[in-house]
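What follows is the content of entry36.csv (CSV, C-alpha atoms).
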chain,number,residue,atom,x,y,z
A,1,MET,CA,12.0,-49.9,-12.3
A,2,THR,CA,15.8,-49.5,-12.6
A,3,LEU,CA,17.9,-46.8,-11.0
A,4,GLY,CA,18.3,-43.7,-13.1
A,5,GLY,CA,19.2,-40.0,-12.9
A,6,ASP,CA,21.1,-39.1,-9.8
A,7,GLY,CA,19.9,-42.2,-8.0
A,8,PRO,CA,22.9,-44.5,-8.6
A,9,TRP,CA,25.6,-42.0,-7.3
A,10,ALA,CA,23.4,-40.9,-4.4
A,11,VAL,CA,22.9,-44.5,-3.3
A,12,SER,CA,26.5,-45.4,-3.8
A,13,VAL,CA,27.7,-42.5,-1.7
A,14,MET,CA,25.3,-43.3,1.1
A,15,TRP,CA,26.4,-47.0,1.2
A,16,ILE,CA,30.0,-46.0,1.3
A,17,VAL,CA,29.6,-43.7,4.3
A,18,THR,CA,27.4,-46.3,6.0
A,19,ALA,CA,30.0,-49.0,5.4
A,20,LEU,CA,32.8,-46.7,6.7
A,21,THR,CA,30.7,-45.9,9.8
A,22,SER,CA,30.1,-49.6,10.4
A,23,VAL,CA,33.8,-50.2,10.7
A,24,PHE,CA,34.0,-47.8,13.7
A,25,VAL,CA,30.9,-49.3,15.2
A,26,LEU,CA,32.4,-52.8,15.1
A,27,LEU,CA,35.8,-51.6,16.4
A,28,ARG,CA,34.0,-49.7,19.2
A,29,ILE,CA,32.0,-52.7,20.3
A,30,TYR,CA,35.2,-54.9,20.3
A,31,THR,CA,37.1,-52.2,22.3
A,32,ARG,CA,34.4,-51.8,24.9
A,33,PHE,CA,33.8,-55.5,25.4
A,34,HIS,CA,37.3,-57.0,25.1
A,35,VAL,CA,39.8,-54.2,25.6
A,36,VAL,CA,38.5,-51.8,28.3
A,37,GLU,CA,35.6,-54.1,29.4
A,38,SER,CA,33.4,-51.2,30.0
A,39,TYR,CA,30.0,-50.6,28.2
A,40,GLY,CA,27.9,-47.5,28.9
A,41,LEU,CA,24.8,-45.7,27.9
A,42,ASP,CA,26.6,-43.7,25.2
A,43,ASP,CA,27.6,-47.0,23.5
A,44,HIS,CA,24.0,-48.0,23.2
A,45,VAL,CA,23.0,-44.6,21.9
A,46,TYR,CA,25.9,-44.8,19.4
A,47,ASN,CA,24.8,-48.2,18.1
A,48,PHE,CA,21.2,-47.0,17.8
A,49,ALA,CA,22.4,-44.0,15.7
A,50,PHE,CA,24.0,-46.4,13.4
A,51,VAL,CA,20.9,-48.5,13.1
A,52,LEU,CA,19.0,-45.3,12.1
A,53,LEU,CA,21.7,-44.5,9.5
A,54,LEU,CA,21.4,-48.0,8.1
A,55,CYS,CA,17.6,-47.8,7.9
A,56,TYR,CA,18.0,-44.4,6.2
A,57,THR,CA,20.3,-45.8,3.6
A,58,ILE,CA,18.0,-48.8,3.0
A,59,MET,CA,14.9,-46.7,2.6
A,60,THR,CA,16.7,-44.4,0.2
A,61,THR,CA,17.9,-47.4,-1.9
A,62,ILE,CA,14.3,-48.7,-2.1
A,63,ALA,CA,13.1,-45.2,-3.1
A,64,ALA,CA,15.7,-45.1,-5.9
A,65,GLN,CA,14.3,-48.3,-7.2
A,66,TYR,CA,11.0,-46.5,-7.8
A,67,GLY,CA,12.4,-43.2,-9.2
A,68,PHE,CA,14.3,-41.2,-6.5
A,69,GLY,CA,17.0,-39.2,-8.2
A,70,GLN,CA,15.0,-38.8,-11.5
A,71,ASN,CA,12.7,-36.1,-12.8
A,72,MET,CA,9.1,-36.7,-11.7
A,73,PHE,CA,7.9,-36.4,-15.3
A,74,ASP,CA,10.3,-39.1,-16.3
A,75,ILE,CA,8.7,-41.7,-14.0
A,76,GLN,CA,6.1,-43.4,-16.2
A,77,GLU,CA,4.1,-45.2,-13.5
A,78,VAL,CA,2.3,-43.1,-11.0
A,79,GLU,CA,2.4,-45.9,-8.5
A,80,ASP,CA,6.2,-45.9,-8.7
A,81,LEU,CA,6.2,-42.1,-8.1
A,82,VAL,CA,4.0,-42.6,-5.0
A,83,LYS,CA,6.3,-45.3,-3.6
A,84,ALA,CA,9.4,-43.2,-4.4
A,85,ILE,CA,8.1,-40.3,-2.4
A,86,LEU,CA,6.8,-42.5,0.4
A,87,PHE,CA,10.1,-44.4,1.0
A,88,GLU,CA,12.1,-41.2,0.7
A,89,ALA,CA,9.9,-39.6,3.4
A,90,ILE,CA,10.4,-42.6,5.6
A,91,GLY,CA,14.1,-42.3,5.1
A,92,GLN,CA,14.1,-38.6,6.0
A,93,THR,CA,12.4,-39.5,9.2
A,94,PHE,CA,15.2,-41.9,10.1
A,95,ALA,CA,17.7,-39.1,9.2
A,96,VAL,CA,16.0,-36.5,11.3
A,97,VAL,CA,16.0,-38.7,14.4
A,98,GLY,CA,19.5,-40.2,13.5
A,99,MET,CA,21.1,-36.8,13.5
A,100,ALA,CA,19.8,-36.0,17.0
A,101,VAL,CA,20.8,-39.5,18.3
A,102,ALA,CA,24.3,-39.3,16.9
A,103,LYS,CA,24.9,-36.0,18.6
A,104,TRP,CA,23.4,-37.4,21.8
A,105,SER,CA,26.0,-40.1,21.7
A,106,LEU,CA,28.7,-37.5,21.3
A,107,GLY,CA,27.3,-35.5,24.2
A,108,LEU,CA,27.1,-38.5,26.5
A,109,PHE,CA,30.7,-39.3,25.7
A,110,LEU,CA,31.7,-35.8,26.7
A,111,LEU,CA,29.7,-36.0,29.9
A,112,ARG,CA,32.1,-38.8,30.9
A,113,LEU,CA,35.0,-36.4,30.7
A,114,VAL,CA,33.7,-33.1,32.1
A,115,THR,CA,33.8,-32.3,35.8
A,116,GLN,CA,32.4,-28.8,36.1
A,117,THR,CA,28.6,-28.2,36.5
A,118,TRP,CA,28.3,-25.5,33.9
A,119,HIS,CA,30.0,-27.8,31.4
A,120,LYS,CA,27.4,-30.5,32.0
A,121,PHE,CA,24.6,-27.9,31.9
A,122,VAL,CA,25.7,-26.6,28.4
A,123,ILE,CA,26.0,-30.1,27.0
A,124,TRP,CA,22.5,-31.1,28.3
A,125,ILE,CA,21.0,-27.9,26.9
A,126,THR,CA,22.5,-28.7,23.5
A,127,MET,CA,21.3,-32.3,23.5
A,128,GLY,CA,17.8,-31.3,24.7
A,129,SER,CA,17.4,-28.7,22.1
A,130,LEU,CA,18.3,-31.1,19.3
A,131,LEU,CA,15.9,-33.7,20.6
A,132,ALA,CA,13.0,-31.3,20.9
A,133,ALA,CA,13.6,-29.9,17.4
A,134,SER,CA,13.9,-33.4,15.9
A,135,ILE,CA,10.6,-34.6,17.4
A,136,SER,CA,8.9,-31.4,16.3
A,137,VAL,CA,10.1,-31.8,12.7
A,138,CYS,CA,8.9,-35.4,12.5
A,139,PHE,CA,5.4,-34.5,13.7
A,140,VAL,CA,5.2,-31.4,11.4
A,141,PHE,CA,6.5,-33.4,8.4
A,142,TRP,CA,4.0,-36.2,8.6
A,143,LEU,CA,1.0,-34.1,9.7
A,144,GLN,CA,1.5,-31.2,7.3
A,145,CYS,CA,-1.2,-32.6,5.0
A,146,SER,CA,-4.7,-33.7,5.5
A,147,PRO,CA,-5.1,-36.6,5.2
A,148,PRO,CA,-1.5,-37.4,6.0
A,149,ALA,CA,-1.3,-39.8,3.1
A,150,TYR,CA,-1.6,-36.8,0.7
A,151,LEU,CA,2.0,-36.0,1.5
A,152,TYR,CA,3.1,-38.8,-0.9
A,153,ASP,CA,0.0,-39.6,-2.9
A,154,ARG,CA,-1.5,-36.5,-4.5
A,155,ARG,CA,-4.2,-38.6,-6.2
A,156,ILE,CA,-6.3,-38.4,-3.0
A,157,PRO,CA,-9.3,-36.1,-3.7
A,158,GLY,CA,-9.7,-33.2,-1.4
A,159,GLY,CA,-6.2,-33.5,0.1
A,160,TYR,CA,-4.4,-30.3,1.1
A,161,CYS,CA,-1.0,-29.5,2.8
A,162,TYR,CA,-1.7,-26.5,5.0
A,163,ILE,CA,1.6,-26.4,6.9
A,164,ASN,CA,4.9,-25.1,5.5
A,165,THR,CA,7.6,-27.3,6.9
A,166,THR,CA,10.6,-25.2,5.7
A,167,PRO,CA,10.9,-23.0,8.8
A,168,VAL,CA,10.9,-25.9,11.1
A,169,SER,CA,13.4,-27.8,9.0
A,170,PHE,CA,15.6,-24.7,8.9
A,171,THR,CA,15.5,-24.5,12.7
A,172,LEU,CA,16.6,-28.1,13.0
A,173,CYS,CA,19.4,-27.7,10.5
A,174,ILE,CA,20.8,-24.6,12.1
A,175,LEU,CA,20.7,-26.3,15.6
A,176,CYS,CA,22.6,-29.3,14.1
A,177,VAL,CA,25.3,-27.0,12.7
A,178,ILE,CA,25.6,-25.1,16.0
A,179,ALA,CA,25.9,-28.4,17.8
A,180,ASP,CA,28.5,-29.7,15.4
A,181,PHE,CA,30.7,-26.7,15.9
A,182,PHE,CA,30.1,-26.6,19.6
A,183,PHE,CA,31.1,-30.3,20.1
A,184,ALA,CA,34.1,-29.7,17.9
A,185,ILE,CA,35.5,-26.7,19.8
A,186,PHE,CA,34.3,-27.3,23.3
A,187,PRO,CA,36.6,-30.3,24.1
A,188,TRP,CA,39.6,-28.0,23.6
A,189,VAL,CA,38.3,-25.8,26.4
A,190,PHE,CA,37.9,-28.3,29.2
A,191,LEU,CA,40.3,-31.1,28.3
A,192,TRP,CA,43.4,-29.1,29.3
A,193,LYS,CA,42.2,-28.9,32.9
A,194,LEU,CA,41.8,-32.7,33.2
A,195,GLN,CA,44.4,-34.9,34.8
A,196,MET,CA,45.2,-36.7,31.6
A,197,ASN,CA,48.3,-37.4,29.5
A,198,GLN,CA,49.0,-34.4,27.1
A,199,ARG,CA,49.1,-36.7,24.1
A,200,GLU,CA,45.8,-38.2,25.1
A,201,LYS,CA,44.2,-34.8,25.3
A,202,ILE,CA,45.4,-33.8,21.9
A,203,ILE,CA,44.2,-37.0,20.2
A,204,ILE,CA,40.7,-36.8,21.8
A,205,ALA,CA,40.3,-33.1,21.0
A,206,ALA,CA,41.6,-33.5,17.4
A,207,SER,CA,39.2,-36.4,16.7
A,208,MET,CA,36.3,-34.3,18.1
A,209,SER,CA,37.4,-31.5,15.7
A,210,LEU,CA,36.2,-33.7,12.9
A,211,GLY,CA,32.9,-32.3,13.9
A,212,LEU,CA,33.9,-29.2,11.9
A,213,ILE,CA,33.5,-31.3,8.8
A,214,ALA,CA,30.1,-32.5,10.0
A,215,GLY,CA,29.2,-28.8,10.5
A,216,ALA,CA,30.3,-28.0,6.9
A,217,CYS,CA,28.0,-30.9,5.7
A,218,GLY,CA,25.2,-29.4,7.9
A,219,ILE,CA,25.6,-26.0,6.2
A,220,LYS,CA,25.4,-27.6,2.8
A,221,ARG,CA,22.3,-29.6,3.9
A,222,THR,CA,20.7,-26.4,5.2
A,223,ILE,CA,21.1,-24.8,1.8
A,224,GLU,CA,19.3,-27.7,0.3
A,225,VAL,CA,16.2,-27.4,2.6
A,226,PRO,CA,14.1,-25.2,0.3
A,227,ASN,CA,14.1,-28.0,-2.2
A,228,LEU,CA,11.6,-29.8,0.1
A,229,SER,CA,8.9,-27.6,-1.5
A,230,SER,CA,10.1,-28.2,-5.0
A,231,THR,CA,7.6,-29.4,-7.6
A,232,ASN,CA,10.3,-31.8,-8.9
A,233,TYR,CA,10.7,-33.4,-5.5
A,234,THR,CA,12.4,-36.7,-6.4
A,235,LYS,CA,15.1,-34.9,-8.3
A,236,ASP,CA,15.8,-31.8,-6.3
A,237,THR,CA,16.0,-33.4,-2.9
A,238,VAL,CA,19.0,-35.6,-3.8
A,239,GLY,CA,21.5,-33.2,-2.3
A,240,LEU,CA,19.5,-32.9,0.9
A,241,ILE,CA,19.4,-36.7,1.3
A,242,VAL,CA,23.1,-37.3,0.6
A,243,TRP,CA,24.4,-34.5,2.8
A,244,SER,CA,22.2,-35.6,5.7
A,245,ALA,CA,23.8,-39.1,5.5
A,246,ALA,CA,27.3,-37.5,5.4
A,247,GLU,CA,26.6,-35.4,8.5
A,248,ILE,CA,25.4,-38.4,10.5
A,249,ALA,CA,28.4,-40.6,9.4
A,250,ILE,CA,31.0,-38.0,10.1
A,251,THR,CA,29.5,-37.3,13.5
A,252,MET,CA,29.7,-41.0,14.4
A,253,ILE,CA,33.3,-41.3,13.1
A,254,CYS,CA,34.5,-38.4,15.2
A,255,ILE,CA,33.1,-40.1,18.2
A,256,GLY,CA,34.5,-43.5,17.3
A,257,VAL,CA,38.1,-42.4,16.9
A,258,PRO,CA,38.9,-41.5,20.6
A,259,VAL,CA,36.8,-44.5,21.9
A,260,VAL,CA,38.8,-47.1,19.9
A,261,ARG,CA,42.1,-45.6,20.8
A,262,PRO,CA,42.9,-48.3,23.4
A,263,LEU,CA,42.6,-50.9,20.7
A,264,TYR,CA,44.9,-49.3,18.1
A,265,LYS,CA,47.3,-48.0,20.8
A,266,GLY,CA,47.8,-51.6,22.0
A,267,PHE,CA,48.4,-52.7,18.4
A,268,ILE,CA,50.9,-50.0,17.8
A,269,ASP,CA,52.7,-50.8,21.2
A,270,LYS,CA,53.1,-54.4,20.1
A,271,LEU,CA,54.6,-53.4,16.8
A,272,THR,CA,56.9,-50.9,18.5
A,273,SER,CA,58.0,-53.5,21.1
A,274,ARG,CA,58.8,-56.0,18.3
A,275,ALA,CA,60.7,-53.4,16.4
A,276,THR,CA,62.6,-52.5,19.5
A,277,ARG,CA,63.5,-56.2,20.2
A,278,SER,CA,64.7,-56.7,16.6
A,279,THR,CA,67.0,-53.6,16.7
A,280,SER,CA,68.3,-53.7,20.3
A,281,GLY,CA,68.4,-57.5,20.9
A,282,TYR,CA,71.4,-59.7,20.2
A,283,LYS,CA,71.4,-61.3,16.8
A,284,LYS,CA,71.7,-65.0,16.5
A,285,GLN,CA,75.2,-66.0,15.5
A,286,SER,CA,76.0,-68.7,13.0
A,287,GLY,CA,79.1,-69.9,14.9
A,288,PRO,CA,79.7,-71.0,18.5
A,289,ARG,CA,77.8,-69.0,21.1
A,290,TYR,CA,79.1,-68.4,24.7
A,291,GLY,CA,77.4,-67.0,27.7
A,292,LEU,CA,78.2,-63.5,29.0
A,293,LYS,CA,80.6,-63.3,31.9
A,294,THR,CA,80.6,-61.0,34.9
A,295,PHE,CA,83.7,-59.0,35.4
A,296,GLY,CA,86.1,-61.3,37.0
A,297,GLY,CA,83.5,-64.0,37.6
A,298,SER,CA,81.5,-66.9,36.2
A,299,THR,CA,78.7,-67.1,33.6
A,300,MET,CA,75.5,-65.2,34.3
A,301,PRO,CA,72.4,-67.2,35.3
A,302,GLY,CA,70.4,-68.3,32.3
A,303,ALA,CA,73.4,-68.3,30.0
A,304,SER,CA,73.3,-72.0,29.5
A,305,ARG,CA,71.2,-71.5,26.4
A,306,TRP,CA,74.0,-69.6,24.8
A,307,GLN,CA,76.6,-72.4,25.2
A,308,ALA,CA,78.4,-73.6,22.1
A,309,GLU,CA,76.6,-76.1,20.0
A,310,THR,CA,78.8,-79.0,19.0
A,311,THR,CA,78.6,-82.3,17.3
A,312,ASP,CA,80.1,-85.7,18.2
A,313,GLY,CA,83.0,-85.2,15.8
A,314,GLU,CA,84.1,-82.0,17.4
A,315,GLU,CA,84.2,-83.2,21.0
A,316,SER,CA,88.0,-83.7,21.1
A,317,ASP,CA,88.7,-80.4,19.6
A,318,ASP,CA,86.3,-78.8,22.1
A,319,LYS,CA,88.2,-80.3,25.0
A,320,ALA,CA,91.4,-78.8,23.7
A,321,LYS,CA,89.8,-75.4,23.2
A,322,LYS,CA,88.3,-75.5,26.7
A,323,ALA,CA,91.7,-76.4,28.2
A,324,GLU,CA,93.3,-73.5,26.3
A,325,GLU,CA,90.5,-71.2,27.4
A,326,ARG,CA,90.9,-72.3,31.0
A,327,THR,CA,94.6,-71.5,30.9
A,328,ARG,CA,93.9,-68.1,29.4
A,329,GLN,CA,91.4,-67.4,32.2
A,330,LEU,CA,93.9,-68.3,34.9
A,331,LYS,CA,96.5,-66.0,33.4
A,332,MET,CA,94.0,-63.2,33.5
A,333,GLY,CA,92.9,-63.9,37.0
A,334,VAL,CA,89.4,-64.6,35.8
A,335,ASN,CA,87.3,-67.5,37.2
A,336,GLY,CA,90.4,-68.7,39.0
A,337,PRO,CA,91.0,-69.9,42.6
A,338,PHE,CA,91.6,-66.4,43.9
A,339,THR,CA,88.6,-64.6,42.4
A,340,HIS,CA,85.1,-64.6,43.7
A,341,THR,CA,82.2,-62.6,42.1
A,342,LYS,CA,78.7,-62.3,43.2
A,343,ALA,CA,75.6,-60.4,41.8
A,344,VAL,CA,73.4,-58.7,44.4
A,345,GLY,CA,69.7,-58.1,43.5
A,346,GLY,CA,70.1,-59.7,40.1
A,347,ARG,CA,67.5,-61.9,38.4
A,348,THR,CA,67.3,-64.1,35.4
A,349,MET,CA,65.3,-62.3,32.6
A,350,PRO,CA,64.3,-63.3,29.1
A,351,ALA,CA,65.9,-61.5,26.2
A,352,ASN,CA,65.2,-57.7,26.0
A,353,ARG,CA,63.2,-57.5,29.2
A,354,SER,CA,64.4,-54.1,30.2
A,355,ASP,CA,62.6,-52.0,32.8
A,356,GLU,CA,61.1,-50.0,29.9
A,357,GLU,CA,59.8,-53.1,28.3
A,358,ILE,CA,58.4,-54.4,31.6
A,359,LEU,CA,56.8,-51.2,33.0
A,360,GLY,CA,55.8,-49.6,29.6
A,361,GLN,CA,54.9,-46.1,28.8
A,362,GLU,CA,54.3,-44.9,32.4
A,363,TYR,CA,57.8,-45.9,33.4
A,364,ARG,CA,59.3,-44.0,30.5
A,365,GLU,CA,57.3,-40.9,31.4
A,366,ASN,CA,58.4,-41.2,35.1
A,367,MET,CA,62.0,-41.6,34.0
A,368,ALA,CA,61.7,-38.5,31.9
A,369,ASP,CA,60.3,-36.6,34.8
A,370,ASP,CA,63.1,-37.8,37.1
A,371,VAL,CA,65.7,-36.6,34.6
A,372,GLU,CA,64.1,-33.2,34.5
A,373,ASP,CA,64.0,-32.7,38.2
A,374,GLY,CA,67.5,-34.2,38.7
A,375,SER,CA,66.5,-37.1,40.9
A,376,GLY,CA,67.4,-39.8,38.5
A,377,ARG,CA,67.2,-43.6,39.1
A,378,GLY,CA,69.9,-46.1,39.5
A,379,SER,CA,70.1,-49.7,38.5
A,380,ASN,CA,68.8,-52.4,40.9
A,381,ILE,CA,71.8,-54.6,39.9
A,382,GLN,CA,75.0,-54.3,42.0
A,383,VAL,CA,78.0,-56.3,41.0
A,384,VAL,CA,80.6,-56.7,43.8
A,385,GLU,CA,84.1,-58.0,42.9
A,386,THR,CA,86.4,-59.3,45.6
A,387,TRP,CA,90.1,-60.1,45.1
A,388,THR,CA,92.1,-62.2,47.5
A,389,VAL,CA,95.9,-62.5,47.6
A,390,ASP,CA,97.8,-65.7,48.1
A,391,ARG,CA,101.5,-64.7,49.0
A,392,SER,CA,102.6,-68.2,48.2
A,393,SER,CA,101.5,-68.0,44.6
A,394,PRO,CA,103.2,-66.0,41.9
A,395,VAL,CA,99.8,-65.2,40.3
A,396,GLY,CA,98.1,-62.1,41.8
A,397,SER,CA,101.2,-61.0,43.7
A,398,ARG,CA,99.6,-57.6,44.0
A,399,GLY,CA,96.0,-57.3,45.0
A,400,ARG,CA,93.2,-54.7,45.1
A,401,TYR,CA,90.8,-54.4,48.0
Please rewrite the model in this file as structure tokens.
Amino acid sequence: MTLGGDGPWAVSVMWIVTALTSVFVLLRIYTRFHVVESYGLDDHVYNFAFVLLLCYTIMTTIAAQYGFGQNMFDIQEVEDLVKAILFEAIGQTFAVVGMAVAKWSLGLFLLRLVTQTWHKFVIWITMGSLLAASISVCFVFWLQCSPPAYLYDRRIPGGYCYINTTPVSFTLCILCVIADFFFAIFPWVFLWKLQMNQREKIIIAASMSLGLIAGACGIKRTIEVPNLSSTNYTKDTVGLIVWSAAEIAITMICIGVPVVRPLYKGFIDKLTSRATRSTSGYKKQSGPRYGLKTFGGSTMPGASRWQAETTDGEESDDKAKKAEERTRQLKMGVNGPFTHTKAVGGRTMPANRSDEEILGQEYRENMADDVEDGSGRGSNIQVVETWTVDRSSPVGSRGRY
């Protein structure tokens, strides 16, 4: 049977949010293994939550092949209707567990950051409540009918559903919404007391605030819960299915953003450093290039690479130019017999290897702190120039000591 009714758009939306979540899963795995080289329990739980989301989407897609998203009276084959309800029910089970596991991953991530006992206690209470409610809903959902197969196959004679699952489902949905808002707001409370960079705190707290969107999806899903008792089950439960997938996906994305920050921060730092070198570095000249000179001294170390490039036909002209340059230097008292220059503490460095470039962000922050408290920092390069006077020579008849 082909997709029909609301099935195509529902399946499309679910695969889009699943694909978007998979990007953060892959980035998180790469960041944990290759960037920070640290892999914890919350990472395993995070990956497990994605597996549940993927299974949820697959089951819903299979259900749509048999009639999910269509009116029950439009499904011609009874066997197709049975399979549509069965695979939708299996998918809902993955969704119920997946919502709790996703929020567990978020809670375990926050437990890495909190330091106070009551913070940890509140997080564990939230996680435990969600897990208990999820397990309860799964049991009630599958055992509401006798025999259990009567849930999806109403052809079984003598079958009867004697448990109303709506109150239990409402309880789980409300707990999920509370957890979404709690995990979105709570980081703003404790992050400011941690010894972290201010920018780091804002990024983590802001990404966690995406949980407000997950909470909004949870509210919309809660509104759809009464449709579980609808007589047009395959059609009326489309909203519940889609909003459940959206809530799980957004929860996982808001966890993924702060975890993968070391990866995109390193990428941005590389782009920034390249831009800095291109704007602050010396541009390559098309004509002859000469090494930098110290004041009253010789060429700085490493300047040989900047020497003028010549050809065989220009050697004679170069000799004349060098002689002329030598005469000019002697007249200026530069690089002559009476001048000596030395650099103390200097070192040969590649282009644009400033202290900021070498030491990075931490150095710039320390420099800013030093400027604020007035301590400042001086250069580690000291140029000392010594003049000597030869009374017998007309050059440099007056000296400076």
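Shortest separation to Ser169 of chain A among A:Ile241, A:Val101, A:Ala133, A:Ala249 occurs at residue A:Ala133, atoms counted being only C-alpha atoms.
Atom CA of Val122 of chain A to atom CA of Met208 of chain A spans 16.7 Å [interatomic distance, one decimal].
Ranking A:Gln195, A:Ser12, A:Ser105, A:Thr60 by their shortest atom-to-atom distance to Thr93 of chain A, with all atoms listed in the file included, puts A:Thr60 first.
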Considering all atoms listed in the file, return as a JSON list (two decimals) with C-alpha atoms, in the coordinates of the input whatever protein or nucleic-acid residues lie within 7 Å of segment 80-89 of chain A, sequence-local ones (same chain, fewer than 3 positions apart) excluded.
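Result written to around.json:
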[["chain", "number", "residue", "atom", "x", "y", "z"],
["A", 59, "MET", "CA", 14.90, -46.70, 2.60],
["A", 60, "THR", "CA", 16.70, -44.40, 0.20],
["A", 62, "ILE", "CA", 14.30, -48.70, -2.10],
["A", 63, "ALA", "CA", 13.10, -45.20, -3.10],
["A", 64, "ALA", "CA", 15.70, -45.10, -5.90],
["A", 66, "TYR", "CA", 11.00, -46.50, -7.80],
["A", 67, "GLY", "CA", 12.40, -43.20, -9.20],
["A", 68, "PHE", "CA", 14.30, -41.20, -6.50],
["A", 75, "ILE", "CA", 8.70, -41.70, -14.00],
["A", 77, "GLU", "CA", 4.10, -45.20, -13.50],
["A", 92, "GLN", "CA", 14.10, -38.60, 6.00],
["A", 93, "THR", "CA", 12.40, -39.50, 9.20],
["A", 152, "TYR", "CA", 3.10, -38.80, -0.90],
["A", 153, "ASP", "CA", 0.00, -39.60, -2.90],
["A", 234, "THR", "CA", 12.40, -36.70, -6.40]]
For the atom pair atom CA of Val11 of chain A and atom CA of Cys217 of chain A, what is the interatomic distance in Å to one decimal place?
17.1 Å
Kindly assemble as a Markdown table a list of the segment 37-100 of chain A residues that lie within 12 Å of segment 254-264 of chain A, each paired with its nearest atom pair and their distance in Å to one decimal, using all atoms listed in the file, sorted first by chain and then by ascending residue number.
| residue | atom | partner | partner_atom | distance |
| --- | --- | --- | --- | --- |
| A:Glu37 | CA | A:Pro262 | CA | 11.1 |
| A:Ser38 | CA | A:Val259 | CA | 11.0 |
| A:Tyr39 | CA | A:Val259 | CA | 11.1 |
| A:Gly40 | CA | A:Val259 | CA | 11.7 |
| A:Asp42 | CA | A:Ile255 | CA | 10.2 |
| A:Asp43 | CA | A:Val259 | CA | 9.7 |
| A:Val45 | CA | A:Ile255 | CA | 11.7 |
| A:Tyr46 | CA | A:Ile255 | CA | 8.7 |
| A:Asn47 | CA | A:Gly256 | CA | 10.8 |
| A:Ala49 | CA | A:Ile255 | CA | 11.7 |
| A:Phe50 | CA | A:Gly256 | CA | 11.6 |
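Separating atom CA of Pro8 of chain A from atom CA of Leu172 of chain A is a distance of 27.8 Å.
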